[in-house]
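Enquirer: I have a structure here, written as structure tokens, and I will follow up with some questions on it.
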Amino acid sequence: MRAIVVSTPGDSSVLEYVERPDPAPGPGEVLVQVAASGVNFIDVYHRQGRYPLPLPFVPGSEGAGTVIATGEGVTDLVVGDAVGWANALGGYATRAVIPADLAVPLPRGLSPELAAAVLLQGLTAHYLTHSVYAVRPGDDVLVHAAAGGVGLLLTQMAKLLGARVIGTVSSEAKEKLAREAGADEVLRYENFSEAVREITGAGVHVVYDGVGASTFDGSLASLRPRGMMALYGAASGPVPPFDPQRLNVGGSLFLTRPTLGHYVATREELLGRAGELLGWVASGALKVHITGRYPLAEARRAHDDLEARRTTGKLLLIP
Ligand SMILES: NC(=O)c1ccc[n+]([C@@H]2O[C@H](COP(=O)([O-])OP(=O)(O)OC[C@H]3O[C@@H](n4cnc5c(N)ncnc54)[C@H](OP(=O)(O)O)[C@@H]3O)[C@@H](O)[C@H]2O)c1
């Protein structure tokens with residue numbers, strides 16, 4: 001098999017395309033012939049060592065394909081099943097060993113490419129809009145990087161739930177995409193909290209902030225009293241240490257730093273969220289924007305494009 005391997009943390013040049021022996025699934029695992037791997041910001045953090053992993057490792061948290069072997073004790077998946085996953089390492093490869101309890105059986109007719117494009121970012125948008133802060137009709141919602149992978153899905157889901165969505169983006173082309181996804185207002189980052197106040201008066205009910213360092217202060221300043229700051233990522237860098245008294249001054253605000261794994265904590269929760277998500281994709285209620293397909297061997301280029309803010313929507317690696 002072929003795989004991308006990281007042997008030392010660093011910039012995209014540490015992503016090496018190599019030949020490896022075929023892996024065998026252990027107890028409770030399945031071996032998958034990968035049809036597509038999703039590229040996500042977490043892969044960049046793993047590569048950089050910001051979220052350290054034992055070295056060497058095959059990056060990639062998301063993918064989809066066909067089960068070609070099952071390990072001991074796997075009873076609910078068989079060879080030939082189409083599966084996808086959003087929270088298991090090793091997807092940047094032609095073959096990946098995945099824990100069976102993290103594999104989501106794909107509905108008939110859903111292409112593995114589409115599953116690899118939507119599972120991680122879609123499950124993230126799902127838990128953010130349904131569980132971290134359950135969006136209600138009439139809520140004002142601020143979505144940063146609204147034309148990004150998570151951002152386009154968050155925008156659509158918040159609209160499905162009846163919110164008014166304000167998005168931030170860095171360019172006109174990104175603004176167009178965010179509007180097409182349903183954003184009611186689209187702002188640039190400069191002084192965005194003042195613009196949010198002008199639009200909403202009291203401020204927004206919730207901010208979904210995956211940008212981090214450069215937006216954090218403005219996000220807090222955009223909230224209405226008792227509003228929720230969902231800091232779910234750090235595309236611009238990590239937020240420095242924080243004085244909780246700022247939540248008091250801002251209006252008894254809430255701050256959470258959630259992560260997907262804790263919101264798909266059981267198989268039941270994973271399959272429940274995934275079932276709803278893939279149902280919306282199949283019905284067309286949710287549009288998935290695949291904007292970049294890169295050969296697996298060109299993972300470096302995919303990372304460079306993502307980090308340089310050149311991308312919108314979803315990037316895939318095709319083995
Ligand atoms: N906690 C979780 O469970 C979870 C799960 C999935 C993803 N995430 C996080 O969600 C965020 C978005 O992930 P994604 O994969 O969908 O990426 P993405 O949004 O497609 O790409 C990142 C976007 O962030 C914006 N950005 C603002 N400042 C930036 C900077 N200095 N450098 C790079 N980008 C910057 C850019 O959009 P503009 O040019 O429009 O600003 C860029 O396109 C990431 O922080 C990721 O870690 C968290």
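Within each chain, counting starts at residue 1; across the structure tokens, chains are named A, B, ... in the order shown, with ligands numbered 1 upward in that order.
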Give the residue list for ligand 1 at 8 Å, counting only C-alpha atoms and all ligand atoms, as a VMD selection string, sorted by chain and then by residue number.
Expert: chain A and resid 39 to 42 45 120 to 121 124 144 to 151 168 to 171 174 189 209 to 212 214 231 to 237 257 to 261 306 to 314
Enquirer: Do a neighbour search on A:Ala115 at 8 Å with only C-alpha atoms, toss out local chain neighbours closer than 3 positions, and write the hits as a list in words.
Expert: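 Using only C-alpha atoms, the neighbours found are Gly63, Ala64, Gly84, Leu106, Leu110, Ser111, Pro112, Val118, Leu119 and Leu278 of chain A.
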Enquirer: Any chance you could export the current selection's N, CA, C and O atoms as a short mmCIF file (atom, residue, chain, number, x, y, z; two decimals), in the first residue's frame?
Expert:
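New file out_16.cif:
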data_model
loop_
_atom_site.label_atom_id
_atom_site.label_comp_id
_atom_site.auth_asym_id
_atom_site.auth_seq_id
_atom_site.Cartn_x
_atom_site.Cartn_y
_atom_site.Cartn_z
N GLY A 63 -12.22 9.59 6.37
CA GLY A 63 -12.15 8.93 5.07
C GLY A 63 -13.34 8.04 4.86
O GLY A 63 -14.24 7.97 5.70
N ALA A 64 -13.33 7.38 3.70
CA ALA A 64 -14.40 6.43 3.40
C ALA A 64 -13.89 5.45 2.37
O ALA A 64 -12.95 5.75 1.62
N GLY A 84 -17.57 4.95 6.34
CA GLY A 84 -16.84 6.21 6.46
C GLY A 84 -16.48 6.41 7.91
O GLY A 84 -17.02 5.74 8.79
N LEU A 106 -22.35 3.26 5.35
CA LEU A 106 -22.90 4.30 4.48
C LEU A 106 -24.23 3.86 3.89
O LEU A 106 -24.37 2.70 3.48
N LEU A 110 -25.02 6.49 -1.42
CA LEU A 110 -24.17 7.64 -1.06
C LEU A 110 -22.73 7.31 -1.44
O LEU A 110 -22.18 6.30 -1.00
N SER A 111 -22.12 8.16 -2.26
CA SER A 111 -20.76 7.83 -2.72
C SER A 111 -19.78 7.99 -1.56
O SER A 111 -19.92 8.89 -0.73
N PRO A 112 -18.77 7.09 -1.50
CA PRO A 112 -17.75 7.22 -0.45
C PRO A 112 -17.06 8.58 -0.50
O PRO A 112 -16.69 9.13 0.54
N VAL A 118 -17.93 14.90 4.06
CA VAL A 118 -18.88 15.56 4.96
C VAL A 118 -18.85 15.05 6.40
O VAL A 118 -19.33 15.73 7.30
N LEU A 119 -18.27 13.87 6.63
CA LEU A 119 -18.45 13.31 7.98
C LEU A 119 -17.83 14.15 9.07
O LEU A 119 -18.50 14.53 10.03
N LEU A 278 -26.19 12.39 7.15
CA LEU A 278 -26.15 11.78 5.81
C LEU A 278 -27.54 11.79 5.18
O LEU A 278 -27.67 11.85 3.95
#
Enquirer: Applying 9 Å and only C-alpha atoms, which residues near A:Ala299 remain after dropping the ones on its own chain fewer than 2 positions away? List them as a JSON list (two decimals) with N, CA and C atoms, in the first residue's frame.
Expert:
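Saved the output as result03.json:
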[["chain", "number", "residue", "atom", "x", "y", "z"],
["A", 4, "ILE", "N", 0.91, 8.45, 3.21],
["A", 4, "ILE", "CA", 1.65, 9.63, 3.64],
["A", 4, "ILE", "C", 2.09, 9.38, 5.08],
["A", 12, "SER", "N", 4.81, 21.47, 5.76],
["A", 12, "SER", "CA", 4.22, 20.44, 4.89],
["A", 12, "SER", "C", 5.28, 19.52, 4.28],
["A", 15, "LEU", "N", 5.50, 15.73, 5.12],
["A", 15, "LEU", "CA", 4.53, 14.74, 4.62],
["A", 15, "LEU", "C", 5.20, 13.93, 3.51],
["A", 16, "GLU", "N", 5.57, 12.68, 3.82],
["A", 16, "GLU", "CA", 6.29, 11.86, 2.84],
["A", 16, "GLU", "C", 5.38, 10.78, 2.28],
["A", 17, "TYR", "N", 5.44, 10.63, 0.96],
["A", 17, "TYR", "CA", 4.62, 9.62, 0.27],
["A", 17, "TYR", "C", 5.47, 8.36, 0.13],
["A", 39, "VAL", "N", -9.42, 16.17, 4.03],
["A", 39, "VAL", "CA", -8.33, 17.00, 4.58],
["A", 39, "VAL", "C", -8.98, 17.99, 5.56],
["A", 92, "TYR", "N", -4.76, 9.03, 5.35],
["A", 92, "TYR", "CA", -3.96, 9.44, 4.18],
["A", 92, "TYR", "C", -3.21, 8.22, 3.66],
["A", 294, "TYR", "N", -7.14, 16.27, -4.61],
["A", 294, "TYR", "CA", -5.71, 16.17, -4.83],
["A", 294, "TYR", "C", -5.32, 14.69, -4.85],
["A", 295, "PRO", "N", -4.41, 14.30, -5.73],
["A", 295, "PRO", "CA", -3.89, 12.93, -5.63],
["A", 295, "PRO", "C", -3.25, 12.77, -4.24],
["A", 296, "LEU", "N", -3.36, 11.56, -3.67],
["A", 296, "LEU", "CA", -2.78, 11.31, -2.34],
["A", 296, "LEU", "C", -1.33, 11.78, -2.27],
["A", 297, "ALA", "N", -0.60, 11.55, -3.33],
["A", 297, "ALA", "CA", 0.83, 11.91, -3.36],
["A", 297, "ALA", "C", 1.04, 13.41, -3.19],
["A", 301, "ARG", "N", 0.63, 19.78, -1.07],
["A", 301, "ARG", "CA", -0.02, 20.91, -1.74],
["A", 301, "ARG", "C", -1.37, 21.21, -1.08],
["A", 302, "ALA", "N", -2.08, 20.15, -0.70],
["A", 302, "ALA", "CA", -3.38, 20.36, -0.04],
["A", 302, "ALA", "C", -3.19, 21.10, 1.29],
["A", 303, "HIS", "N", -2.18, 20.69, 2.06],
["A", 303, "HIS", "CA", -1.93, 21.38, 3.34],
["A", 303, "HIS", "C", -1.53, 22.83, 3.11],
["A", 304, "ASP", "N", -0.66, 23.05, 2.12],
["A", 304, "ASP", "CA", -0.21, 24.43, 1.85],
["A", 304, "ASP", "C", -1.40, 25.32, 1.49],
["A", 317, "LEU", "N", -8.24, 14.01, -0.55],
["A", 317, "LEU", "CA", -7.10, 13.31, -1.16],
["A", 317, "LEU", "C", -7.66, 12.03, -1.79]]
Enquirer: Identify which of the residues A:Asp243, A:Glu180, A:Glu62, A:Glu72 lies closest to A:Gly122, counting only C-alpha atoms when measuring atom-to-atom distances.
Expert: A:Glu62
Enquirer: Could you tell me, as a PyMOL selection string, which residues of stretch 162-235 of chain A DSSP assigns to helix (DSSP H, G or I) when given the backbone?
Expert: chain A and resi 172-180+192-200+216-221
